[in-house]
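**Q** For reference, this is start02.cif, and it has mmCIF, C-alpha atoms.
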```cif
data_coords
loop_
_atom_site.group_PDB
_atom_site.id
_atom_site.type_symbol
_atom_site.label_atom_id
_atom_site.label_comp_id
_atom_site.auth_asym_id
_atom_site.auth_seq_id
_atom_site.Cartn_x
_atom_site.Cartn_y
_atom_site.Cartn_z
ATOM 1 C CA MET W 1 112.359 103.794 62.750
ATOM 2 C CA THR W 2 113.043 106.488 65.347
ATOM 3 C CA TRP W 3 116.738 105.767 65.864
ATOM 4 C CA GLY W 4 119.524 107.016 63.606
ATOM 5 C CA SER W 5 122.369 105.235 65.406
ATOM 6 C CA PRO W 6 122.940 102.854 68.348
ATOM 7 C CA ALA W 7 124.324 105.764 70.380
ATOM 8 C CA GLU W 8 121.083 107.655 69.861
ATOM 9 C CA PHE W 9 119.146 104.578 70.984
ATOM 10 C CA PHE W 10 121.144 104.237 74.200
ATOM 11 C CA ALA W 11 120.895 107.951 74.935
ATOM 12 C CA MET W 12 117.046 107.798 74.754
ATOM 13 C CA GLY W 13 116.915 111.506 73.936
ATOM 14 C CA GLY W 14 118.638 112.367 77.227
ATOM 15 C CA TYR W 15 116.364 110.116 79.292
ATOM 16 C CA GLY W 16 118.749 107.136 79.105
ATOM 17 C CA PHE W 17 119.311 106.866 82.861
ATOM 18 C CA TYR W 18 115.581 106.840 83.630
ATOM 19 C CA VAL W 19 114.471 104.536 80.816
ATOM 20 C CA TRP W 20 117.305 102.007 81.242
ATOM 21 C CA GLY W 21 117.012 102.239 85.025
ATOM 22 C CA SER W 22 113.376 101.186 84.715
ATOM 23 C CA LEU W 23 114.006 98.396 82.220
ATOM 24 C CA GLY W 24 117.045 97.176 84.150
ATOM 25 C CA ALA W 25 115.100 96.898 87.410
ATOM 26 C CA CYS W 26 112.246 95.008 85.732
ATOM 27 C CA VAL W 27 114.556 92.582 83.919
ATOM 28 C CA ALA W 28 116.672 91.993 87.044
ATOM 29 C CA ALA W 29 113.625 91.382 89.242
ATOM 30 C CA MET W 30 111.926 89.118 86.728
ATOM 31 C CA ALA W 31 115.114 87.087 86.266
ATOM 32 C CA LEU W 32 115.869 86.788 89.982
ATOM 33 C CA GLU W 33 112.385 85.770 91.157
ATOM 34 C CA PRO W 34 112.187 82.496 89.162
ATOM 35 C CA ILE W 35 115.773 81.635 90.182
ATOM 36 C CA LEU W 36 114.845 82.002 93.859
ATOM 37 C CA ILE W 37 111.683 79.919 93.415
ATOM 38 C CA ARG W 38 113.608 77.202 91.601
ATOM 39 C CA LYS W 39 116.039 77.090 94.525
ATOM 40 C CA ARG W 40 113.111 76.817 96.957
ATOM 41 C CA GLN W 41 111.677 73.916 94.924
ATOM 42 C CA LYS W 42 115.078 72.177 94.810
ATOM 43 C CA ASP W 43 115.533 72.585 98.571
ATOM 44 C CA ILE W 44 112.183 71.030 99.466
ATOM 45 C CA LEU W 45 112.693 68.208 96.959
ATOM 46 C CA ARG W 46 116.141 67.502 98.394
ATOM 47 C CA SER W 47 114.773 67.196 101.932
ATOM 48 C CA LEU W 48 111.890 65.004 100.692
ATOM 49 C CA ARG W 49 114.370 62.725 98.908
ATOM 50 C CA ARG W 50 116.482 62.509 102.062
ATOM 51 C CA GLU W 51 113.435 61.455 104.056
ATOM 52 C CA HIS W 52 112.590 58.880 101.429
ATOM 53 C CA ILE W 53 116.086 57.375 101.607
ATOM 54 C CA ALA W 54 115.920 57.349 105.418
ATOM 55 C CA GLU W 55 112.620 55.471 105.288
ATOM 56 C CA GLU W 56 114.014 52.958 102.817
ATOM 57 C CA LEU W 57 116.971 52.335 105.114
ATOM 58 C CA ASP W 58 114.652 51.918 108.090
ATOM 59 C CA LYS W 59 112.767 49.165 106.285
ATOM 60 C CA GLN W 60 115.928 47.158 105.592
ATOM 61 C CA MET S 1 75.575 65.614 90.028
ATOM 62 C CA ASN S 2 77.145 67.268 87.054
ATOM 63 C CA ASN S 3 80.387 65.689 85.847
ATOM 64 C CA ARG S 4 82.055 68.988 85.115
ATOM 65 C CA LEU S 5 81.545 70.212 88.647
ATOM 66 C CA ILE S 6 83.262 67.117 90.021
ATOM 67 C CA ASN S 7 86.243 67.678 87.765
ATOM 68 C CA TRP S 8 86.703 71.209 89.009
ATOM 69 C CA PHE S 9 86.699 70.056 92.591
ATOM 70 C CA LYS S 10 89.236 67.426 91.645
ATOM 71 C CA PHE S 11 91.701 70.090 90.545
ATOM 72 C CA ALA S 12 91.087 72.015 93.750
ATOM 73 C CA SER S 13 93.073 69.393 95.649
ATOM 74 C CA PRO S 14 96.834 69.977 95.942
ATOM 75 C CA GLN S 15 97.480 66.405 94.863
ATOM 76 C CA SER S 16 95.972 66.816 91.404
ATOM 77 C CA PHE S 17 96.877 70.478 91.000
ATOM 78 C CA TYR S 18 100.597 69.842 91.554
ATOM 79 C CA PRO S 19 101.188 67.882 88.299
ATOM 80 C CA LEU S 20 98.722 70.072 86.368
ATOM 81 C CA ALA S 21 100.620 73.229 87.367
ATOM 82 C CA GLY S 22 103.859 71.514 86.367
ATOM 83 C CA LYS S 23 102.498 70.911 82.886
ATOM 84 C CA MET S 24 101.209 74.477 82.480
ATOM 85 C CA ILE S 25 104.359 76.331 83.605
ATOM 86 C CA PRO S 26 106.431 75.916 80.368
ATOM 87 C CA TRP S 27 103.496 77.175 78.273
ATOM 88 C CA PHE S 28 103.133 80.322 80.325
ATOM 89 C CA TRP S 29 106.890 80.921 80.148
ATOM 90 C CA ALA S 30 106.794 80.515 76.362
ATOM 91 C CA LEU S 31 103.904 82.985 76.077
ATOM 92 C CA ALA S 32 105.657 85.442 78.412
ATOM 93 C CA ALA S 33 108.781 85.277 76.220
ATOM 94 C CA VAL S 34 106.847 85.794 72.974
ATOM 95 C CA PHE S 35 104.833 88.721 74.345
ATOM 96 C CA GLY S 36 107.986 90.120 75.940
ATOM 97 C CA VAL S 37 109.965 90.148 72.695
ATOM 98 C CA VAL S 38 107.095 91.595 70.646
ATOM 99 C CA GLY S 39 106.178 94.081 73.395
ATOM 100 C CA LEU S 40 109.733 95.345 73.833
ATOM 101 C CA TRP S 41 110.156 95.656 70.096
ATOM 102 C CA ILE S 42 107.011 97.794 69.839
ATOM 103 C CA SER S 43 108.009 99.789 72.945
ATOM 104 C CA PHE S 44 111.537 100.620 71.881
ATOM 105 C CA PHE S 45 111.462 100.535 68.073
ATOM 106 C CA ALA S 46 107.976 100.800 66.624
ATOM 107 C CA ALA S 47 106.413 103.356 68.983
ATOM 108 C CA PRO S 48 107.034 106.971 67.940
ATOM 109 C CA THR S 49 108.609 109.666 70.100
ATOM 110 C CA ASP S 50 106.093 111.405 72.368
ATOM 111 C CA ALA S 51 105.345 115.024 71.487
ATOM 112 C CA GLN S 52 105.510 116.211 75.117
ATOM 113 C CA GLN S 53 107.816 113.811 76.935
ATOM 114 C CA GLY S 54 110.275 112.833 74.188
ATOM 115 C CA GLU S 55 111.779 109.359 74.708
ATOM 116 C CA GLY S 56 111.248 109.512 78.481
ATOM 117 C CA TYR S 57 107.655 108.397 78.092
ATOM 118 C CA ARG S 58 108.845 104.890 77.093
ATOM 119 C CA ILE S 59 108.880 104.044 80.816
ATOM 120 C CA ILE S 60 105.082 103.754 80.406
ATOM 121 C CA PHE S 61 105.547 100.340 78.733
ATOM 122 C CA LEU S 62 106.919 98.959 82.005
ATOM 123 C CA HIS S 63 105.204 101.207 84.534
ATOM 124 C CA VAL S 64 101.606 100.627 83.471
ATOM 125 C CA PRO S 65 101.805 96.799 83.152
ATOM 126 C CA ALA S 66 103.555 96.556 86.544
ATOM 127 C CA SER S 67 100.926 98.808 88.161
ATOM 128 C CA TRP S 68 98.024 96.901 86.615
ATOM 129 C CA MET S 69 99.491 93.586 87.753
ATOM 130 C CA SER S 70 100.104 94.866 91.282
ATOM 131 C CA MET S 71 96.393 95.687 91.608
ATOM 132 C CA PHE S 72 95.076 92.658 89.758
ATOM 133 C CA ILE S 73 97.241 90.148 91.641
ATOM 134 C CA TYR S 74 95.934 91.649 94.879
ATOM 135 C CA LEU S 75 92.325 91.076 93.780
ATOM 136 C CA VAL S 76 93.086 87.462 92.800
ATOM 137 C CA MET S 77 94.984 86.904 96.044
ATOM 138 C CA ALA S 78 92.106 88.301 98.092
ATOM 139 C CA ALA S 79 89.620 86.160 96.129
ATOM 140 C CA TRP S 80 91.608 82.983 96.870
ATOM 141 C CA ALA S 81 91.968 84.051 100.490
ATOM 142 C CA GLY S 82 88.208 84.655 100.757
ATOM 143 C CA LEU S 83 87.486 81.301 99.135
ATOM 144 C CA GLY S 84 89.774 79.592 101.619
ATOM 145 C CA LEU S 85 88.096 81.366 104.513
ATOM 146 C CA THR S 86 84.563 80.375 103.480
ATOM 147 C CA LEU S 87 85.015 76.933 101.867
ATOM 148 C CA ASN S 88 88.108 75.923 103.842
ATOM 149 C CA THR S 89 89.749 74.389 100.780
ATOM 150 C CA ARG S 90 93.419 73.514 101.170
ATOM 151 C CA LEU S 91 94.652 74.864 97.869
ATOM 152 C CA SER S 92 93.168 78.374 98.289
ATOM 153 C CA GLY S 93 95.498 79.455 101.065
ATOM 154 C CA MET S 94 98.484 78.123 99.148
ATOM 155 C CA MET S 95 97.434 80.086 96.051
ATOM 156 C CA ALA S 96 97.087 83.302 98.054
ATOM 157 C CA GLN S 97 100.483 82.692 99.620
ATOM 158 C CA ALA S 98 102.051 82.002 96.219
ATOM 159 C CA LEU S 99 100.701 85.237 94.724
ATOM 160 C CA ALA S 100 101.744 87.653 97.474
ATOM 161 C CA PRO S 101 105.504 87.929 96.730
ATOM 162 C CA THR S 102 104.879 88.418 93.006
ATOM 163 C CA GLY S 103 102.285 91.082 93.791
ATOM 164 C CA ALA S 104 104.720 92.810 96.120
ATOM 165 C CA LEU S 105 107.355 92.714 93.386
ATOM 166 C CA MET S 106 104.943 94.282 90.886
ATOM 167 C CA ALA S 107 103.997 97.023 93.373
ATOM 168 C CA PHE S 108 107.692 97.661 93.954
ATOM 169 C CA LEU S 109 108.409 97.844 90.208
ATOM 170 C CA SER S 110 105.465 100.193 89.793
ATOM 171 C CA LEU S 111 106.899 102.528 92.443
ATOM 172 C CA TRP S 112 110.457 102.192 91.121
ATOM 173 C CA THR S 113 109.618 102.907 87.487
ATOM 174 C CA GLY S 114 107.245 105.638 88.668
ATOM 175 C CA ALA S 115 110.055 107.335 90.581
ATOM 176 C CA LEU S 116 112.323 107.144 87.540
ATOM 177 C CA TRP S 117 109.563 108.658 85.465
ATOM 178 C CA GLY S 118 108.594 111.303 88.006
ATOM 179 C CA LYS S 119 112.102 112.682 88.412
ATOM 180 C CA PRO S 120 112.578 113.920 84.831
ATOM 181 C CA MET S 121 108.912 114.876 84.263
ATOM 182 C CA TRP S 122 107.836 116.351 87.616
ATOM 183 C CA GLY S 123 111.254 117.098 89.052
ATOM 184 C CA ALA S 124 110.704 114.806 92.055
ATOM 185 C CA TRP S 125 111.344 111.114 92.716
ATOM 186 C CA TRP S 126 108.398 111.000 95.048
ATOM 187 C CA VAL S 127 105.429 113.178 95.992
ATOM 188 C CA TRP S 128 102.750 112.425 98.608
ATOM 189 C CA ASP S 129 100.094 112.329 95.947
ATOM 190 C CA ALA S 130 96.925 110.211 96.282
ATOM 191 C CA ARG S 131 97.887 107.759 93.513
ATOM 192 C CA LEU S 132 101.456 107.281 94.698
ATOM 193 C CA THR S 133 100.530 107.023 98.361
ATOM 194 C CA SER S 134 97.775 104.458 97.789
ATOM 195 C CA GLU S 135 100.148 102.348 95.648
ATOM 196 C CA LEU S 136 102.712 102.520 98.469
ATOM 197 C CA ILE S 137 99.995 101.313 100.863
ATOM 198 C CA LEU S 138 99.341 98.409 98.473
ATOM 199 C CA PHE S 139 103.034 97.487 98.658
ATOM 200 C CA PHE S 140 102.837 97.578 102.473
ATOM 201 C CA LEU S 141 99.677 95.430 102.404
ATOM 202 C CA TYR S 142 101.566 92.749 100.477
ATOM 203 C CA ILE S 143 104.522 92.963 102.880
ATOM 204 C CA GLY S 144 102.115 92.851 105.840
ATOM 205 C CA PHE S 145 100.361 89.787 104.419
ATOM 206 C CA ILE S 146 103.680 87.970 103.908
ATOM 207 C CA ALA S 147 104.988 88.961 107.350
ATOM 208 C CA LEU S 148 101.765 87.982 109.126
ATOM 209 C CA GLN S 149 101.713 84.552 107.488
ATOM 210 C CA ALA S 150 105.394 84.037 108.235
ATOM 211 C CA ALA S 151 104.806 84.883 111.904
ATOM 212 C CA ILE S 152 102.178 82.153 112.466
ATOM 213 C CA ASP S 153 103.479 78.598 112.653
ATOM 214 C CA ASP S 154 100.278 76.702 111.926
ATOM 215 C CA PRO S 155 99.664 77.120 108.164
ATOM 216 C CA ARG S 156 95.872 76.848 108.447
ATOM 217 C CA ARG S 157 95.750 79.599 111.077
ATOM 218 C CA ALA S 158 98.225 81.655 109.051
ATOM 219 C CA ASP S 159 95.906 81.323 106.049
ATOM 220 C CA LYS S 160 92.941 82.579 108.052
ATOM 221 C CA ALA S 161 94.762 85.561 109.535
ATOM 222 C CA GLY S 162 96.232 86.430 106.142
ATOM 223 C CA ALA S 163 92.832 86.112 104.477
ATOM 224 C CA ILE S 164 91.274 88.643 106.831
ATOM 225 C CA LEU S 165 94.106 91.096 106.204
ATOM 226 C CA ALA S 166 93.872 90.555 102.440
ATOM 227 C CA LEU S 167 90.089 91.056 102.407
ATOM 228 C CA VAL S 168 90.206 94.240 104.484
ATOM 229 C CA GLY S 169 92.948 95.581 102.217
ATOM 230 C CA VAL S 170 90.782 95.186 99.101
ATOM 231 C CA VAL S 171 89.314 98.608 99.953
ATOM 232 C CA ASN S 172 92.597 100.085 98.775
ATOM 233 C CA ILE S 173 92.243 98.833 95.185
ATOM 234 C CA PRO S 174 89.382 101.117 94.062
ATOM 235 C CA ILE S 175 91.103 103.920 95.958
ATOM 236 C CA ILE S 176 94.228 103.457 93.814
ATOM 237 C CA TYR S 177 92.217 103.119 90.638
ATOM 238 C CA PHE S 178 89.987 106.140 91.141
ATOM 239 C CA SER S 179 92.525 108.287 93.015
ATOM 240 C CA VAL S 180 93.305 110.279 89.879
ATOM 241 C CA LYS S 181 89.613 111.133 89.539
ATOM 242 C CA TRP S 182 88.674 111.687 93.177
ATOM 243 C CA TRP S 183 91.598 113.901 94.076
ATOM 244 C CA ASN S 184 93.497 116.562 92.290
ATOM 245 C CA THR S 185 96.722 114.664 91.708
ATOM 246 C CA LEU S 186 100.011 115.254 89.982
ATOM 247 C CA HIS S 187 99.729 111.782 88.474
ATOM 248 C CA GLN S 188 98.146 111.730 85.041
ATOM 249 C CA GLY S 189 94.709 110.197 84.449
ATOM 250 C CA ALA S 190 94.001 106.617 83.404
ATOM 251 C CA SER S 191 95.946 105.578 80.300
ATOM 252 C CA VAL S 192 93.212 103.255 79.113
ATOM 253 C CA SER S 193 89.533 103.623 79.909
ATOM 254 C CA LEU S 194 86.561 101.496 78.984
ATOM 255 C CA THR S 195 84.261 104.429 78.459
ATOM 256 C CA ARG S 196 86.262 106.629 76.113
ATOM 257 C CA SER S 197 88.693 106.040 73.293
ATOM 258 C CA PRO S 198 92.364 106.048 74.333
ATOM 259 C CA SER S 199 94.159 109.363 74.274
ATOM 260 C CA MET S 200 97.393 107.944 72.887
ATOM 261 C CA ALA S 201 98.723 106.761 69.537
ATOM 262 C CA GLN S 202 97.647 103.287 68.404
ATOM 263 C CA THR S 203 101.204 101.902 68.399
ATOM 264 C CA MET S 204 101.797 103.118 71.960
ATOM 265 C CA LEU S 205 98.561 101.493 73.089
ATOM 266 C CA TRP S 206 99.505 98.206 71.448
ATOM 267 C CA GLY S 207 102.939 98.284 73.036
ATOM 268 C CA MET S 208 101.374 98.757 76.436
ATOM 269 C CA LEU S 209 98.811 95.990 75.955
ATOM 270 C CA VAL S 210 101.355 93.452 74.679
ATOM 271 C CA MET S 211 103.708 94.286 77.555
ATOM 272 C CA ALA S 212 100.769 93.874 79.946
ATOM 273 C CA LEU S 213 100.130 90.402 78.470
ATOM 274 C CA CYS S 214 103.811 89.562 79.002
ATOM 275 C CA PHE S 215 103.551 90.612 82.677
ATOM 276 C CA TRP S 216 100.372 88.529 83.004
ATOM 277 C CA MET S 217 101.978 85.383 81.636
ATOM 278 C CA TYR S 218 105.084 85.960 83.734
ATOM 279 C CA SER S 219 103.005 86.362 86.902
ATOM 280 C CA ILE S 220 101.007 83.198 86.221
ATOM 281 C CA ALA S 221 104.159 81.176 85.466
ATOM 282 C CA VAL S 222 105.925 82.391 88.593
ATOM 283 C CA ALA S 223 102.882 81.941 90.845
ATOM 284 C CA LEU S 224 102.430 78.371 89.589
ATOM 285 C CA MET S 225 106.099 77.625 90.244
ATOM 286 C CA ARG S 226 105.807 78.989 93.766
ATOM 287 C CA VAL S 227 102.553 77.206 94.541
ATOM 288 C CA ARG S 228 104.217 73.894 93.612
ATOM 289 C CA ALA S 229 106.989 74.529 96.123
ATOM 290 C CA ILE S 230 104.425 75.537 98.772
ATOM 291 C CA ILE S 231 102.361 72.397 98.105
ATOM 292 C CA LEU S 232 105.416 70.187 98.695
ATOM 293 C CA GLU S 233 106.390 72.116 101.815
ATOM 294 C CA ARG S 234 102.946 71.832 103.348
ATOM 295 C CA GLU S 235 102.099 68.297 102.243
ATOM 296 C CA THR S 236 105.495 66.845 103.144
ATOM 297 C CA HIS S 237 104.097 63.995 105.197
ATOM 298 C CA THR S 238 101.306 62.902 102.878
ATOM 299 C CA GLU S 239 101.426 59.625 100.970
ATOM 300 C CA TRP S 240 101.035 61.189 97.532
ATOM 301 C CA VAL S 241 104.106 63.393 97.985
ATOM 302 C CA LYS S 242 106.138 60.355 99.075
ATOM 303 C CA GLU S 243 104.982 58.550 95.929
ATOM 304 C CA LEU S 244 106.084 61.334 93.539
ATOM 305 C CA ASP S 245 108.658 60.286 90.947
ATOM 306 C CA GLU S 246 110.903 63.251 91.711
ATOM 307 C CA VAL S 247 110.986 62.221 95.385
ATOM 308 C CA LYS S 248 111.556 58.501 94.858
ATOM 309 C CA ARG S 249 114.303 59.050 92.318
#
```
What would you get if you wrote out this structure as structure tokens?

**A**
Amino acid sequence: MTWGSPAEFFAMGGYGFYVWGSLGACVAAMALEPILIRKRQKDILRSLRREHIAEELDKQ
Amino acid sequence: MNNRLINWFKFASPQSFYPLAGKMIPWFWALAAVFGVVGLWISFFAAPTDAQQGEGYRIIFLHVPASWMSMFIYLVMAAWAGLGLTLNTRLSGMMAQALAPTGALMAFLSLWTGALWGKPMWGAWWVWDARLTSELILFFLYIGFIALQAAIDDPRRADKAGAILALVGVVNIPIIYFSVKWWNTLHQGASVSLTRSPSMAQTMLWGMLVMALCFWMYSIAVALMRVRAIILERETHTEWVKELDEVKR
């Protein structure tokens, strides 16, 4: 193991800002993208459901 | 006619691809998570300190997979676009459209992590070097593709215009890949090559490959999620969409 203590791990040998800045951006982007797509899917499904209900009401 | 051939064409229709994609998505997420955990463990705990760059080199485990994906997604996107242009299949354009934002994201992450790596190692966030500039052009190609498609109301025409842009832009991919050979660049040479043995420690190589697999699985999962939304948006007024359980519920 390369790390003696948690502090050493977070310091990344003085490169902490650059290493964590890279990992942070990747994690944030890869968490946000699926959330946005899920919202897009929910939105289109909601409007499809609304149309379905409207059609059902029309038939009655 | 061959049965297998018919089956493939069956899945090329949005109607049968929609539920298939839905079934595949959780598997790709599970694989992405497994590769992600193993890859990050190798990257941050198992891989030794680099002799030249200390711990700063660990950015490679994010930078290289993101860069590979940005180029590979473009090739796949252009292939779907070309298929749509020649065979006029409905699903192709939707696939290309679903891949573009993820590709743009990967290109962005490649540039972002590259800047954070360049600053401590070269002393500059950005240089107008052949590798960096051609990757920036790739990012703009993705943005251009998305903007062009968004600007055209008729989806079929948008697909065609986008396909031409995507196919012309393919020229940029070998330029990115070979830029470090063709020009004298600040950027280091290829990390992994098919013709010679890798110049880095085994553990580092494994970390990079496992992280690349994680990015692959992530990209597939996300593209499948997006293509499902696009299918519903474009096929809104078809009978099969109206008959879906999630719509009738």

**Q** Can you build me a table of chain S residues sitting at most 7 Å from chain W, with the closest atom pair per residue and its distance in Å to one decimal, using all atoms listed in the file, sorted by chain and residue number, as a Markdown table?

**A**
```
| residue | atom | partner | partner_atom | distance |
| --- | --- | --- | --- | --- |
| S:Phe45 | CA | W:Met1 | CA | 6.3 |
| S:Ala46 | CA | W:Met1 | CA | 6.6 |
| S:Pro48 | CA | W:Thr2 | CA | 6.6 |
| S:Gly54 | CA | W:Gly13 | CA | 6.8 |
| S:Glu55 | CA | W:Met12 | CA | 5.5 |
| S:Gly56 | CA | W:Tyr15 | CA | 5.2 |
| S:Arg58 | CA | W:Val19 | CA | 6.8 |
| S:Ile59 | CA | W:Val19 | CA | 5.6 |
| S:Leu109 | CA | W:Cys26 | CA | 6.5 |
| S:Thr113 | CA | W:Ser22 | CA | 5.0 |
| S:Leu116 | CA | W:Tyr18 | CA | 5.1 |
| S:Trp117 | CA | W:Tyr18 | CA | 6.5 |
| S:Val222 | CA | W:Pro34 | CA | 6.3 |
| S:Met225 | CA | W:Ile37 | CA | 6.8 |
| S:Arg226 | CA | W:Ile37 | CA | 6.0 |
| S:Ala229 | CA | W:Gln41 | CA | 4.9 |
| S:Leu232 | CA | W:Ile44 | CA | 6.9 |
| S:Glu233 | CA | W:Ile44 | CA | 6.3 |
| S:Val247 | CA | W:Arg49 | CA | 4.9 |
| S:Lys248 | CA | W:Arg49 | CA | 6.5 |
```

**Q** Report, in Å with one decimal, the straight-line distance from CA of Asp153 (chain S) to CA of Met94 (chain S).

**A**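 Atom-to-atom, CA of Asp153 (chain S) to CA of Met94 (chain S), that is 14.4 Å.
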
**Q** Given the choices S:Phe145, S:Phe28, S:Tyr18, S:Tyr74, which gets closest to Leu91 (chain S) if the distance is worked out from all atoms listed in the file?

**A**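 Closest to Leu91 (chain S), using all atoms listed in the file: S:Tyr18.
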
**Q** Nearest residue to Ala223 (chain S) out of S:Val64, S:Met95, S:Ala147, S:Ala166, using all atoms listed in the file?

**A**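 Nearest to Ala223 (chain S): S:Met95.
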
**Q** Could you tell me which residues the PyMOL selection byres ((chain S and resi 161) around 10) returns for this structure, as a PDB file with C-alpha atoms, in the frame of the given file?

**A**
```
ATOM      1  CA  ALA S  81      91.968  84.051 100.490  1.00  0.00           C
ATOM      2  CA  LEU S  85      88.096  81.366 104.513  1.00  0.00           C
ATOM      3  CA  PHE S 145     100.361  89.787 104.419  1.00  0.00           C
ATOM      4  CA  LEU S 148     101.765  87.982 109.126  1.00  0.00           C
ATOM      5  CA  GLN S 149     101.713  84.552 107.488  1.00  0.00           C
ATOM      6  CA  ILE S 152     102.178  82.153 112.466  1.00  0.00           C
ATOM      7  CA  PRO S 155      99.664  77.120 108.164  1.00  0.00           C
ATOM      8  CA  ARG S 156      95.872  76.848 108.447  1.00  0.00           C
ATOM      9  CA  ARG S 157      95.750  79.599 111.077  1.00  0.00           C
ATOM     10  CA  ALA S 158      98.225  81.655 109.051  1.00  0.00           C
ATOM     11  CA  ASP S 159      95.906  81.323 106.049  1.00  0.00           C
ATOM     12  CA  LYS S 160      92.941  82.579 108.052  1.00  0.00           C
ATOM     13  CA  GLY S 162      96.232  86.430 106.142  1.00  0.00           C
ATOM     14  CA  ALA S 163      92.832  86.112 104.477  1.00  0.00           C
ATOM     15  CA  ILE S 164      91.274  88.643 106.831  1.00  0.00           C
ATOM     16  CA  LEU S 165      94.106  91.096 106.204  1.00  0.00           C
ATOM     17  CA  ALA S 166      93.872  90.555 102.440  1.00  0.00           C
TER      18      ALA S 166
END
```

**Q** What is the distance between CA of Ile176 (chain S) and CA of Arg131 (chain S), in Å to one decimal?

**A**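 Rounded to one decimal, the two atoms are 5.7 Å apart.
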
**Q** Counting all atoms listed in the file, which of S:Ala96, S:Thr203, S:Arg234, S:Leu83 gets nearest to Asp50 (chain S)?

**A**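 Result for the nearest residue to Asp50 (chain S): S:Thr203.
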
**Q** With all atoms listed in the file as the atoms that count, which of S:Phe139, S:Trp80, S:Phe61, S:Tyr218 lies nearest to Leu40 (chain S)?

**A**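 Under the stated criterion, the closest residue is S:Phe61.
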
**Q** CA of Ala130 (chain S) to CA of Ala66 (chain S): how many Å, to one decimal?

**A**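 Computed distance, CA of Ala130 (chain S) to CA of Ala66 (chain S), equals 18.0 Å.
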